[in-house]
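Novice: Provided below: model-v6.cif, containing mmCIF, C-alpha atoms.
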```cif
data_model
loop_
_atom_site.group_PDB
_atom_site.id
_atom_site.type_symbol
_atom_site.label_atom_id
_atom_site.label_comp_id
_atom_site.auth_asym_id
_atom_site.auth_seq_id
_atom_site.Cartn_x
_atom_site.Cartn_y
_atom_site.Cartn_z
ATOM 1 C CA MET A 1 -10.341 62.981 -2.927
ATOM 2 C CA ALA A 2 -8.424 60.309 -4.846
ATOM 3 C CA HIS A 3 -5.209 61.909 -5.978
ATOM 4 C CA HIS A 4 -3.382 59.745 -8.471
ATOM 5 C CA ASN A 5 -5.730 56.967 -9.436
ATOM 6 C CA VAL A 6 -4.024 56.186 -12.735
ATOM 7 C CA ASP A 7 -6.398 53.296 -13.476
ATOM 8 C CA GLU A 8 -9.254 55.633 -14.229
ATOM 9 C CA LEU A 9 -7.285 57.664 -16.759
ATOM 10 C CA PRO A 10 -7.373 56.667 -20.418
ATOM 11 C CA VAL A 11 -4.283 55.153 -22.019
ATOM 12 C CA LEU A 12 -3.826 57.281 -25.102
ATOM 13 C CA GLN A 13 -3.647 55.865 -28.592
ATOM 14 C CA ALA A 14 -2.887 57.834 -31.739
ATOM 15 C CA ILE A 15 -5.836 57.928 -34.147
ATOM 16 C CA GLY A 16 -3.650 59.452 -36.834
ATOM 17 C CA ARG A 17 -0.787 61.771 -37.527
ATOM 18 C CA ILE A 18 -0.564 65.457 -38.385
ATOM 19 C CA GLU A 19 1.496 66.777 -41.282
ATOM 20 C CA THR A 20 2.634 70.404 -41.024
ATOM 21 C CA PRO A 21 5.448 72.434 -42.628
ATOM 22 C CA PHE A 22 7.065 72.836 -39.178
ATOM 23 C CA LYS A 23 9.956 70.379 -38.854
ATOM 24 C CA THR A 24 11.506 71.732 -35.641
ATOM 25 C CA LEU A 25 10.174 73.579 -32.600
ATOM 26 C CA ALA A 26 11.962 76.701 -33.885
ATOM 27 C CA ASP A 27 9.888 76.482 -37.101
ATOM 28 C CA CYS A 28 6.564 76.505 -35.245
ATOM 29 C CA PRO A 29 4.704 79.832 -35.279
ATOM 30 C CA ARG A 30 3.659 81.394 -31.977
ATOM 31 C CA ASN A 31 0.094 80.391 -32.695
ATOM 32 C CA GLY A 32 -1.826 78.906 -35.595
ATOM 33 C CA ARG A 33 -3.089 82.274 -36.820
ATOM 34 C CA GLN A 34 0.239 84.057 -36.827
ATOM 35 C CA LEU A 35 1.170 83.093 -40.404
ATOM 36 C CA ASP A 36 -0.872 84.856 -43.081
ATOM 37 C CA PRO A 37 -1.835 83.052 -45.188
ATOM 38 C CA ALA A 38 -1.889 80.035 -42.867
ATOM 39 C CA PRO A 39 -0.456 76.962 -44.622
ATOM 40 C CA ILE A 40 -2.691 73.990 -45.406
ATOM 41 C CA CYS A 41 -1.858 71.130 -43.046
ATOM 42 C CA LEU A 42 -2.995 67.512 -43.268
ATOM 43 C CA ALA A 43 -4.544 65.329 -40.585
ATOM 44 C CA HIS A 44 -4.048 61.701 -41.601
ATOM 45 C CA VAL A 45 -6.447 59.344 -39.830
ATOM 46 C CA PHE A 46 -5.433 55.709 -39.507
ATOM 47 C CA LYS A 47 -7.614 53.329 -41.537
ATOM 48 C CA GLU A 48 -9.189 51.637 -38.516
ATOM 49 C CA PHE A 49 -10.583 54.963 -37.256
ATOM 50 C CA GLN A 50 -11.833 56.157 -40.659
ATOM 51 C CA PRO A 51 -15.518 55.205 -39.976
ATOM 52 C CA GLY A 52 -15.498 57.848 -37.245
ATOM 53 C CA LEU A 53 -15.153 60.572 -39.892
ATOM 54 C CA GLN A 54 -18.655 60.003 -41.273
ATOM 55 C CA SER A 55 -20.805 63.187 -41.347
ATOM 56 C CA LEU A 56 -17.807 65.478 -40.821
ATOM 57 C CA GLU A 57 -18.579 67.370 -44.024
ATOM 58 C CA GLY A 58 -20.419 70.642 -43.445
ATOM 59 C CA PHE A 59 -18.467 71.634 -40.352
ATOM 60 C CA SER A 60 -16.361 74.660 -41.286
ATOM 61 C CA HIS A 61 -14.147 74.315 -38.203
ATOM 62 C CA LEU A 62 -12.895 71.453 -36.031
ATOM 63 C CA ILE A 63 -11.133 71.033 -32.713
ATOM 64 C CA LEU A 64 -8.021 68.869 -32.911
ATOM 65 C CA ILE A 65 -6.456 67.406 -29.780
ATOM 66 C CA TYR A 66 -2.955 66.047 -30.146
ATOM 67 C CA ALA A 67 0.079 64.909 -28.200
ATOM 68 C CA LEU A 68 2.923 67.391 -27.728
ATOM 69 C CA HIS A 69 5.186 64.436 -28.305
ATOM 70 C CA GLU A 70 8.574 66.145 -28.441
ATOM 71 C CA MET A 71 8.089 68.212 -25.308
ATOM 72 C CA ARG A 72 10.016 66.645 -22.436
ATOM 73 C CA VAL A 73 9.964 69.572 -20.015
ATOM 74 C CA THR A 74 7.245 70.457 -17.528
ATOM 75 C CA GLU A 75 7.416 73.870 -15.901
ATOM 76 C CA LEU A 76 4.549 75.086 -13.747
ATOM 77 C CA THR A 77 5.744 78.670 -13.986
ATOM 78 C CA PHE A 78 8.003 80.342 -16.512
ATOM 79 C CA THR A 79 8.634 83.744 -18.065
ATOM 80 C CA PRO A 80 7.404 83.839 -21.675
ATOM 81 C CA PRO A 81 9.944 85.236 -24.178
ATOM 82 C CA PHE A 82 7.608 88.111 -25.108
ATOM 83 C CA ASP A 83 6.814 89.041 -21.476
ATOM 84 C CA ALA A 84 8.776 89.981 -18.353
ATOM 85 C CA THR A 85 6.728 88.312 -15.595
ATOM 86 C CA PRO A 86 6.621 84.649 -14.548
ATOM 87 C CA ARG A 87 3.275 83.116 -15.537
ATOM 88 C CA GLY A 88 1.581 79.906 -14.495
ATOM 89 C CA VAL A 89 1.583 77.359 -17.303
ATOM 90 C CA PHE A 90 -2.233 77.052 -17.079
ATOM 91 C CA ALA A 91 -2.439 80.770 -17.936
ATOM 92 C CA THR A 92 -0.489 80.102 -21.154
ATOM 93 C CA ARG A 93 -0.805 77.894 -24.213
ATOM 94 C CA ALA A 94 2.867 76.852 -23.979
ATOM 95 C CA PRO A 95 3.585 73.124 -24.445
ATOM 96 C CA ARG A 96 5.507 72.575 -21.172
ATOM 97 C CA ARG A 97 2.315 71.489 -19.342
ATOM 98 C CA PRO A 98 1.939 68.503 -16.981
ATOM 99 C CA ASN A 99 -0.126 66.583 -19.544
ATOM 100 C CA LYS A 100 1.321 67.085 -23.017
ATOM 101 C CA LEU A 101 -2.011 67.754 -24.672
ATOM 102 C CA GLY A 102 -2.325 70.349 -27.412
ATOM 103 C CA MET A 103 -5.605 71.699 -28.756
ATOM 104 C CA SER A 104 -6.298 73.853 -31.788
ATOM 105 C CA VAL A 105 -9.376 75.268 -33.459
ATOM 106 C CA VAL A 106 -8.763 74.722 -37.176
ATOM 107 C CA ALA A 107 -10.557 75.596 -40.386
ATOM 108 C CA PHE A 108 -11.674 72.400 -42.138
ATOM 109 C CA ASP A 109 -11.099 72.645 -45.896
ATOM 110 C CA GLY A 110 -12.500 69.200 -46.736
ATOM 111 C CA PHE A 111 -10.951 65.830 -47.469
ATOM 112 C CA ALA A 112 -7.749 65.420 -49.479
ATOM 113 C CA THR A 113 -8.461 61.669 -49.550
ATOM 114 C CA ALA A 114 -10.994 59.527 -47.648
ATOM 115 C CA ASP A 115 -8.730 59.419 -44.592
ATOM 116 C CA THR A 116 -6.943 62.773 -44.831
ATOM 117 C CA LEU A 117 -8.361 66.134 -43.738
ATOM 118 C CA LYS A 118 -7.124 69.482 -45.021
ATOM 119 C CA VAL A 119 -6.951 71.978 -42.155
ATOM 120 C CA ARG A 120 -5.543 75.436 -41.435
ATOM 121 C CA TYR A 121 -4.331 77.212 -38.264
ATOM 122 C CA LEU A 122 -2.114 74.559 -36.723
ATOM 123 C CA ASP A 123 1.147 75.498 -35.028
ATOM 124 C CA CYS A 124 2.357 72.005 -34.090
ATOM 125 C CA LEU A 125 5.293 69.946 -35.296
ATOM 126 C CA ASP A 126 5.191 67.781 -38.378
ATOM 127 C CA GLY A 127 4.516 64.190 -37.268
ATOM 128 C CA THR A 128 2.419 65.132 -34.236
ATOM 129 C CA PRO A 129 0.244 62.203 -33.037
ATOM 130 C CA LEU A 130 -3.450 63.014 -33.444
ATOM 131 C CA LEU A 131 -5.667 62.021 -30.488
ATOM 132 C CA ASP A 132 -9.120 63.378 -31.215
ATOM 133 C CA ILE A 133 -11.221 65.306 -33.703
ATOM 134 C CA LYS A 134 -14.300 67.150 -32.437
ATOM 135 C CA PRO A 135 -16.724 69.307 -34.404
ATOM 136 C CA TYR A 136 -16.420 72.994 -33.526
ATOM 137 C CA LEU A 137 -19.782 74.288 -32.335
ATOM 138 C CA PRO A 138 -20.140 78.091 -32.221
ATOM 139 C CA SER A 139 -23.091 77.569 -29.863
ATOM 140 C CA THR A 140 -20.791 76.277 -27.117
ATOM 141 C CA ASP A 141 -17.228 77.077 -28.264
ATOM 142 C CA SER A 142 -17.325 80.657 -29.563
ATOM 143 C CA VAL A 143 -16.987 83.539 -27.101
ATOM 144 C CA PRO A 144 -15.924 86.596 -29.130
ATOM 145 C CA GLU A 145 -16.100 88.921 -26.121
ATOM 146 C CA ALA A 146 -13.864 86.785 -23.876
ATOM 147 C CA THR A 147 -11.149 88.722 -22.057
ATOM 148 C CA MET A 148 -7.522 87.618 -22.299
ATOM 149 C CA GLY A 149 -5.980 88.567 -18.956
ATOM 150 C CA TRP A 150 -2.228 89.154 -19.109
ATOM 151 C CA LEU A 151 -2.213 88.098 -22.790
ATOM 152 C CA GLU A 152 -4.424 91.044 -23.826
ATOM 153 C CA LYS A 153 -1.439 93.306 -24.378
ATOM 154 C CA HIS A 154 0.272 90.650 -26.530
ATOM 155 C CA ARG A 155 -2.797 90.020 -28.679
ATOM 156 C CA THR A 156 -1.811 89.257 -32.271
ATOM 157 C CA ARG A 157 -5.249 89.460 -33.853
ATOM 158 C CA MET B 1 4.136 56.350 -40.869
ATOM 159 C CA ALA B 2 4.580 54.937 -37.369
ATOM 160 C CA HIS B 3 1.211 53.640 -36.322
ATOM 161 C CA HIS B 4 1.134 52.750 -32.652
ATOM 162 C CA ASN B 5 4.288 54.103 -31.126
ATOM 163 C CA VAL B 6 2.916 54.277 -27.586
ATOM 164 C CA ASP B 7 6.225 55.519 -26.164
ATOM 165 C CA GLU B 8 5.773 58.945 -27.686
ATOM 166 C CA LEU B 9 2.333 59.441 -26.159
ATOM 167 C CA PRO B 10 2.020 61.106 -22.761
ATOM 168 C CA VAL B 11 0.971 59.042 -19.767
ATOM 169 C CA LEU B 12 -1.851 61.084 -18.324
ATOM 170 C CA GLN B 13 -1.927 62.310 -14.744
ATOM 171 C CA ALA B 14 -4.820 64.077 -13.078
ATOM 172 C CA ILE B 15 -3.967 67.674 -12.127
ATOM 173 C CA GLY B 16 -7.182 67.946 -10.152
ATOM 174 C CA ARG B 17 -10.791 66.918 -9.951
ATOM 175 C CA ILE B 18 -14.013 68.498 -11.184
ATOM 176 C CA GLU B 19 -17.063 68.908 -8.967
ATOM 177 C CA THR B 20 -20.420 69.179 -10.755
ATOM 178 C CA PRO B 21 -24.049 68.576 -9.704
ATOM 179 C CA PHE B 22 -24.216 65.633 -12.162
ATOM 180 C CA LYS B 23 -23.851 62.374 -10.233
ATOM 181 C CA THR B 24 -24.791 59.947 -13.028
ATOM 182 C CA LEU B 25 -24.554 60.017 -16.820
ATOM 183 C CA ALA B 26 -28.341 60.415 -16.914
ATOM 184 C CA ASP B 27 -27.986 63.640 -14.876
ATOM 185 C CA CYS B 28 -25.568 65.229 -17.377
ATOM 186 C CA PRO B 29 -27.103 67.843 -19.692
ATOM 187 C CA ARG B 30 -26.707 67.447 -23.442
ATOM 188 C CA ASN B 31 -24.162 70.231 -23.412
ATOM 189 C CA GLY B 32 -22.820 72.723 -20.918
ATOM 190 C CA ARG B 33 -25.067 75.521 -22.118
ATOM 191 C CA GLN B 34 -28.329 73.590 -22.049
ATOM 192 C CA LEU B 35 -29.176 74.450 -18.428
ATOM 193 C CA ASP B 36 -30.194 78.067 -17.873
ATOM 194 C CA PRO B 37 -28.921 79.291 -15.533
ATOM 195 C CA ALA B 38 -25.859 77.031 -15.781
ATOM 196 C CA PRO B 39 -24.819 75.779 -12.338
ATOM 197 C CA ILE B 40 -21.527 76.876 -10.807
ATOM 198 C CA CYS B 41 -19.063 73.971 -10.901
ATOM 199 C CA LEU B 42 -15.705 73.700 -9.143
ATOM 200 C CA ALA B 43 -12.352 72.697 -10.573
ATOM 201 C CA HIS B 44 -10.140 71.583 -7.687
ATOM 202 C CA VAL B 45 -6.436 71.665 -8.561
ATOM 203 C CA PHE B 46 -4.108 69.418 -6.573
ATOM 204 C CA LYS B 47 -1.664 71.353 -4.379
ATOM 205 C CA GLU B 48 1.424 70.359 -6.328
ATOM 206 C CA PHE B 49 0.036 71.946 -9.516
ATOM 207 C CA GLN B 50 -1.208 75.128 -7.856
ATOM 208 C CA PRO B 51 1.789 77.269 -8.992
ATOM 209 C CA GLY B 52 0.561 76.727 -12.561
ATOM 210 C CA LEU B 53 -2.519 78.834 -11.801
ATOM 211 C CA GLN B 54 -0.534 82.059 -11.469
ATOM 212 C CA SER B 55 -1.810 84.876 -13.763
ATOM 213 C CA LEU B 56 -5.092 83.102 -14.490
ATOM 214 C CA GLU B 57 -7.075 86.052 -13.182
ATOM 215 C CA GLY B 58 -8.405 88.304 -15.946
ATOM 216 C CA PHE B 59 -9.328 85.515 -18.330
ATOM 217 C CA SER B 60 -13.119 85.447 -18.550
ATOM 218 C CA HIS B 61 -13.157 81.986 -20.139
ATOM 219 C CA LEU B 62 -10.999 78.866 -19.951
ATOM 220 C CA ILE B 63 -10.652 75.590 -21.824
ATOM 221 C CA LEU B 64 -10.786 72.543 -19.566
ATOM 222 C CA ILE B 65 -9.590 69.160 -20.798
ATOM 223 C CA TYR B 66 -10.627 66.187 -18.730
ATOM 224 C CA ALA B 67 -10.852 62.395 -18.743
ATOM 225 C CA LEU B 68 -14.232 60.843 -19.571
ATOM 226 C CA HIS B 69 -13.378 58.370 -16.848
ATOM 227 C CA GLU B 70 -16.648 56.441 -16.607
ATOM 228 C CA MET B 71 -17.016 55.841 -20.343
ATOM 229 C CA ARG B 72 -16.011 52.287 -21.186
ATOM 230 C CA VAL B 73 -17.507 52.059 -24.686
ATOM 231 C CA THR B 74 -15.914 53.150 -27.948
ATOM 232 C CA GLU B 75 -18.149 53.341 -31.001
ATOM 233 C CA LEU B 76 -16.810 54.830 -34.207
ATOM 234 C CA THR B 77 -20.333 55.297 -35.570
ATOM 235 C CA PHE B 78 -23.659 55.486 -33.781
ATOM 236 C CA THR B 79 -27.086 57.030 -34.165
ATOM 237 C CA PRO B 80 -27.579 59.930 -31.728
ATOM 238 C CA PRO B 81 -30.829 59.800 -29.712
ATOM 239 C CA PHE B 82 -32.016 63.102 -31.239
ATOM 240 C CA ASP B 83 -31.165 62.118 -34.830
ATOM 241 C CA ALA B 84 -32.040 59.281 -37.223
ATOM 242 C CA THR B 85 -28.785 58.797 -39.125
ATOM 243 C CA PRO B 86 -25.594 57.041 -38.041
ATOM 244 C CA ARG B 87 -22.846 59.596 -37.463
ATOM 245 C CA GLY B 88 -19.095 59.203 -37.098
ATOM 246 C CA VAL B 89 -17.986 59.807 -33.528
ATOM 247 C CA PHE B 90 -15.539 62.521 -34.686
ATOM 248 C CA ALA B 91 -18.548 64.448 -36.050
ATOM 249 C CA THR B 92 -20.093 64.422 -32.557
ATOM 250 C CA ARG B 93 -19.146 65.520 -29.061
ATOM 251 C CA ALA B 94 -20.333 62.203 -27.585
ATOM 252 C CA PRO B 95 -18.011 60.581 -25.014
ATOM 253 C CA ARG B 96 -17.678 57.173 -26.729
ATOM 254 C CA ARG B 97 -14.497 58.281 -28.565
ATOM 255 C CA PRO B 98 -11.260 56.258 -28.949
ATOM 256 C CA ASN B 99 -9.411 58.543 -26.521
ATOM 257 C CA LYS B 100 -11.659 59.445 -23.613
ATOM 258 C CA LEU B 101 -10.804 63.132 -23.672
ATOM 259 C CA GLY B 102 -13.463 65.748 -22.995
ATOM 260 C CA MET B 103 -13.061 69.455 -23.635
ATOM 261 C CA SER B 104 -15.259 72.371 -22.591
ATOM 262 C CA VAL B 105 -15.136 76.110 -22.960
ATOM 263 C CA VAL B 106 -16.179 77.436 -19.547
ATOM 264 C CA ALA B 107 -16.827 80.829 -18.007
ATOM 265 C CA PHE B 108 -14.270 81.495 -15.269
ATOM 266 C CA ASP B 109 -15.907 83.144 -12.258
ATOM 267 C CA GLY B 110 -12.742 83.450 -10.179
ATOM 268 C CA PHE B 111 -11.231 81.469 -7.346
ATOM 269 C CA ALA B 112 -13.315 79.926 -4.560
ATOM 270 C CA THR B 113 -10.049 79.194 -2.727
ATOM 271 C CA ALA B 114 -6.406 79.404 -3.852
ATOM 272 C CA ASP B 115 -6.668 75.981 -5.530
ATOM 273 C CA THR B 116 -10.320 75.901 -6.594
ATOM 274 C CA LEU B 117 -11.786 77.590 -9.664
ATOM 275 C CA LYS B 118 -15.446 78.499 -10.062
ATOM 276 C CA VAL B 119 -16.589 77.733 -13.603
ATOM 277 C CA ARG B 120 -19.831 77.462 -15.572
ATOM 278 C CA TYR B 121 -20.903 75.481 -18.659
ATOM 279 C CA LEU B 122 -19.642 72.017 -17.788
ATOM 280 C CA ASP B 123 -21.689 68.932 -18.652
ATOM 281 C CA CYS B 124 -19.402 66.265 -17.174
ATOM 282 C CA LEU B 125 -19.816 63.932 -14.228
ATOM 283 C CA ASP B 126 -19.028 64.881 -10.666
ATOM 284 C CA GLY B 127 -15.556 63.542 -9.849
ATOM 285 C CA THR B 128 -14.173 63.894 -13.386
ATOM 286 C CA PRO B 129 -10.340 63.901 -13.423
ATOM 287 C CA LEU B 130 -9.007 67.242 -14.657
ATOM 288 C CA LEU B 131 -6.111 67.027 -17.122
ATOM 289 C CA ASP B 132 -5.432 70.560 -18.332
ATOM 290 C CA ILE B 133 -6.496 74.182 -18.027
ATOM 291 C CA LYS B 134 -5.799 76.527 -20.925
ATOM 292 C CA PRO B 135 -6.703 80.205 -21.265
ATOM 293 C CA TYR B 136 -9.449 80.791 -23.833
ATOM 294 C CA LEU B 137 -8.201 83.196 -26.475
ATOM 295 C CA PRO B 138 -10.889 84.744 -28.694
ATOM 296 C CA SER B 139 -8.132 85.590 -31.177
ATOM 297 C CA THR B 140 -7.586 81.902 -31.973
ATOM 298 C CA ASP B 141 -10.539 80.038 -30.402
ATOM 299 C CA SER B 142 -13.642 82.067 -31.307
ATOM 300 C CA VAL B 143 -15.307 81.511 -34.688
ATOM 301 C CA PRO B 144 -18.872 82.852 -34.380
ATOM 302 C CA GLU B 145 -19.637 82.212 -38.060
ATOM 303 C CA ALA B 146 -18.572 78.528 -38.024
ATOM 304 C CA THR B 147 -21.042 76.152 -39.658
ATOM 305 C CA MET B 148 -22.283 73.094 -37.782
ATOM 306 C CA GLY B 149 -22.889 70.464 -40.479
ATOM 307 C CA TRP B 150 -25.503 67.865 -39.516
ATOM 308 C CA LEU B 151 -25.798 69.436 -36.033
ATOM 309 C CA GLU B 152 -27.132 72.729 -37.459
ATOM 310 C CA LYS B 153 -30.719 71.517 -37.320
ATOM 311 C CA HIS B 154 -30.284 70.415 -33.693
ATOM 312 C CA ARG B 155 -28.734 73.708 -32.588
ATOM 313 C CA THR B 156 -29.797 74.602 -29.032
ATOM 314 C CA ARG B 157 -28.495 78.163 -28.934
#
```
Output the structure of this file as structure tokens.

Specialist:
Amino acid sequence: MAHHNVDELPVLQAIGRIETPFKTLADCPRNGRQLDPAPICLAHVFKEFQPGLQSLEGFSHLILIYALHEMRVTELTFTPPFDATPRGVFATRAPRRPNKLGMSVVAFDGFATADTLKVRYLDCLDGTPLLDIKPYLPSTDSVPEATMGWLEKHRTR
Amino acid sequence: MAHHNVDELPVLQAIGRIETPFKTLADCPRNGRQLDPAPICLAHVFKEFQPGLQSLEGFSHLILIYALHEMRVTELTFTPPFDATPRGVFATRAPRRPNKLGMSVVAFDGFATADTLKVRYLDCLDGTPLLDIKPYLPSTDSVPEATMGWLEKHRTR
């Protein structure tokens, strides 16, 4: 099993930039649905990638993947502030993961301009590099009955 | 707005490798829920990342992010085989995206060994480099009522 064959991994490029009200890590909510009402955020897509937005209208929700660009620390286990037990990072949504990839399911409130999407339910920093936009498909992405393991007792919604 | 500041983007590293029955792109189903029953796939996590798996038990579903490592083509618009209209790649789940990042919501059927997860609902190639594992949280990730835009008429489930 090839272990670290870097050649086969994509070199990331930003396709745009995310604008949120959260200027520092301390400003970021614990998750994108913690604030009620959730603020409108903007996903600015760079001009050269704008053709990729065609047919996005009609999707009520999107999946955004972005770079956790200010996170320098990787910790495979840590004790969350709201818990008392060390947890593996893959059992959390914390940003200190080996690959600094963030992912959020957002409500899509339409286009502010031809290259700017209005979205809700982000918890990331203002200026976050946007890597991908995918349509949210309830047929494959929605599992209302999913169980939440150790996070069940910390459920916020 | 900084456009291509590559320094701030993470350099990806595989945390493991995914084993599926799909040896070629032609073998891959259209989505992870097309095959019924969905085959059990394996997510092998490299030893050095194994501590990050702590407390994963109890989550019925996970989000896997992986590299679409055999996709060389990027097309911002294309006409899907099951449709007649050109669509923007960000309005599809097709792999020909600018950043070759795939994402699937999978059922987590427990550990085959201490470093190998049994999962269902993947549609990716055998040998796919695994980049991240996140717990699936219905509180933030499940939107049963989401609308599917142009894909509504092609809904498979």

Novice: For the structure shown, which residues end up in the PyMOL selection byres ((chain A) within 6 of (chain B))? Put them as a PDB file with C-alpha atoms, in the frame of the given file, please?

Specialist:
```pdb
ATOM      1  CA  GLU A   8      -9.254  55.633 -14.229  1.00  0.00           C
ATOM      2  CA  LEU A  12      -3.826  57.281 -25.102  1.00  0.00           C
ATOM      3  CA  PRO A  51     -15.518  55.205 -39.976  1.00  0.00           C
ATOM      4  CA  GLY A  52     -15.498  57.848 -37.245  1.00  0.00           C
ATOM      5  CA  LEU A  53     -15.153  60.572 -39.892  1.00  0.00           C
ATOM      6  CA  GLN A  54     -18.655  60.003 -41.273  1.00  0.00           C
ATOM      7  CA  SER A  55     -20.805  63.187 -41.347  1.00  0.00           C
ATOM      8  CA  LEU A  56     -17.807  65.478 -40.821  1.00  0.00           C
ATOM      9  CA  GLY A  58     -20.419  70.642 -43.445  1.00  0.00           C
ATOM     10  CA  PHE A  59     -18.467  71.634 -40.352  1.00  0.00           C
ATOM     11  CA  SER A  60     -16.361  74.660 -41.286  1.00  0.00           C
ATOM     12  CA  HIS A  69       5.186  64.436 -28.305  1.00  0.00           C
ATOM     13  CA  LEU A  76       4.549  75.086 -13.747  1.00  0.00           C
ATOM     14  CA  THR A  77       5.744  78.670 -13.986  1.00  0.00           C
ATOM     15  CA  ARG A  87       3.275  83.116 -15.537  1.00  0.00           C
ATOM     16  CA  GLY A  88       1.581  79.906 -14.495  1.00  0.00           C
ATOM     17  CA  VAL A  89       1.583  77.359 -17.303  1.00  0.00           C
ATOM     18  CA  PHE A  90      -2.233  77.052 -17.079  1.00  0.00           C
ATOM     19  CA  ALA A  91      -2.439  80.770 -17.936  1.00  0.00           C
ATOM     20  CA  ASN A  99      -0.126  66.583 -19.544  1.00  0.00           C
ATOM     21  CA  VAL A 105      -9.376  75.268 -33.459  1.00  0.00           C
ATOM     22  CA  ILE A 133     -11.221  65.306 -33.703  1.00  0.00           C
ATOM     23  CA  LYS A 134     -14.300  67.150 -32.437  1.00  0.00           C
ATOM     24  CA  PRO A 135     -16.724  69.307 -34.404  1.00  0.00           C
ATOM     25  CA  PRO A 138     -20.140  78.091 -32.221  1.00  0.00           C
ATOM     26  CA  SER A 139     -23.091  77.569 -29.863  1.00  0.00           C
ATOM     27  CA  ASP A 141     -17.228  77.077 -28.264  1.00  0.00           C
ATOM     28  CA  SER A 142     -17.325  80.657 -29.563  1.00  0.00           C
ATOM     29  CA  VAL A 143     -16.987  83.539 -27.101  1.00  0.00           C
ATOM     30  CA  PRO A 144     -15.924  86.596 -29.130  1.00  0.00           C
ATOM     31  CA  ALA A 146     -13.864  86.785 -23.876  1.00  0.00           C
ATOM     32  CA  THR A 147     -11.149  88.722 -22.057  1.00  0.00           C
ATOM     33  CA  MET A 148      -7.522  87.618 -22.299  1.00  0.00           C
ATOM     34  CA  GLY A 149      -5.980  88.567 -18.956  1.00  0.00           C
ATOM     35  CA  ARG A 157      -5.249  89.460 -33.853  1.00  0.00           C
TER      36      ARG A 157
END
```

Novice: Just how far from atom CA of Pro95 of chain B is atom CA of Thr116 of chain A, in Å to one decimal?

Specialist: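 Computing the Euclidean distance for atom CA of Thr116 of chain A and atom CA of Pro95 of chain B yields 22.8 Å.
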
Novice: Let me have the centre and edge lengths in Å, one decimal, of the box along x, y and z around every listed atom of segment 139-153 of chain A with 5 Å of margin on each side, as JSON.

Specialist:
```
{"center_x": -12.3, "center_y": 84.8, "center_z": -24.4, "size_x": 31.7, "size_y": 27.0, "size_z": 20.9}
```

Novice: Hey, can you check how far atom CA of Ala114 of chain A sits from atom CA of Ile40 of chain A?

Specialist: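 Separation between atom CA of Ala114 of chain A and atom CA of Ile40 of chain A: 16.8 Å.
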
Novice: Taking only C-alpha atoms into account, name the residue in A:Val73, A:Val45, A:Leu25, A:Ile18 that is nearest to Arg120 of chain A.

Specialist: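 Going through A:Val73, A:Val45, A:Leu25, A:Ile18 one by one, the smallest distance to Arg120 of chain A is for A:Ile18.
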
Novice: Atom CA of Pro80 of chain B to atom CA of Leu42 of chain A: how many Å, to one decimal?

Specialist: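 Computing it gives 28.2 Å between the two atoms.
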
Novice: Under the rule that all atoms listed in the file are counted, which of B:Glu19, B:Asp115, B:Asp123, B:Asp83 is the nearest residue to Lys47 of chain B?

Specialist: B:Asp115

Novice: I need segment 86-94 of chain B written out with N, CA, C and O atoms, as an mmCIF file, in the first residue's frame; please produce it.

Specialist:
```cif
data_model
loop_
_atom_site.group_PDB
_atom_site.id
_atom_site.type_symbol
_atom_site.label_atom_id
_atom_site.label_comp_id
_atom_site.auth_asym_id
_atom_site.auth_seq_id
_atom_site.Cartn_x
_atom_site.Cartn_y
_atom_site.Cartn_z
ATOM 1 N N PRO B 86 -25.991 21.724 -20.934
ATOM 2 C CA PRO B 86 -24.709 21.924 -20.241
ATOM 3 C C PRO B 86 -24.933 22.447 -18.829
ATOM 4 O O PRO B 86 -25.764 23.334 -18.613
ATOM 5 N N ARG B 87 -24.216 21.890 -17.883
ATOM 6 C CA ARG B 87 -24.342 22.281 -16.479
ATOM 7 C C ARG B 87 -22.986 22.723 -15.953
ATOM 8 O O ARG B 87 -21.944 22.189 -16.354
ATOM 9 N N GLY B 88 -22.985 23.679 -15.043
ATOM 10 C CA GLY B 88 -21.747 24.064 -14.372
ATOM 11 C C GLY B 88 -21.297 22.949 -13.442
ATOM 12 O O GLY B 88 -22.127 22.301 -12.801
ATOM 13 N N VAL B 89 -19.997 22.727 -13.386
ATOM 14 C CA VAL B 89 -19.489 21.601 -12.590
ATOM 15 C C VAL B 89 -19.860 21.738 -11.116
ATOM 16 O O VAL B 89 -20.048 20.733 -10.425
ATOM 17 N N PHE B 90 -20.004 22.983 -10.618
ATOM 18 C CA PHE B 90 -20.355 23.170 -9.202
ATOM 19 C C PHE B 90 -21.839 22.867 -8.933
ATOM 20 O O PHE B 90 -22.265 22.840 -7.776
ATOM 21 N N ALA B 91 -22.605 22.660 -9.996
ATOM 22 C CA ALA B 91 -24.001 22.215 -9.854
ATOM 23 C C ALA B 91 -24.105 20.706 -10.079
ATOM 24 O O ALA B 91 -25.194 20.178 -10.277
ATOM 25 N N THR B 92 -22.982 20.027 -10.070
ATOM 26 C CA THR B 92 -22.934 18.566 -10.222
ATOM 27 C C THR B 92 -22.001 17.975 -9.167
ATOM 28 O O THR B 92 -21.215 18.690 -8.552
ATOM 29 N N ARG B 93 -22.052 16.641 -9.050
ATOM 30 C CA ARG B 93 -21.106 15.957 -8.178
ATOM 31 C C ARG B 93 -20.037 15.248 -9.008
ATOM 32 O O ARG B 93 -19.298 14.404 -8.483
ATOM 33 N N ALA B 94 -19.953 15.571 -10.287
ATOM 34 C CA ALA B 94 -18.977 14.943 -11.183
ATOM 35 C C ALA B 94 -17.544 15.233 -10.723
ATOM 36 O O ALA B 94 -17.276 16.262 -10.105
#
```
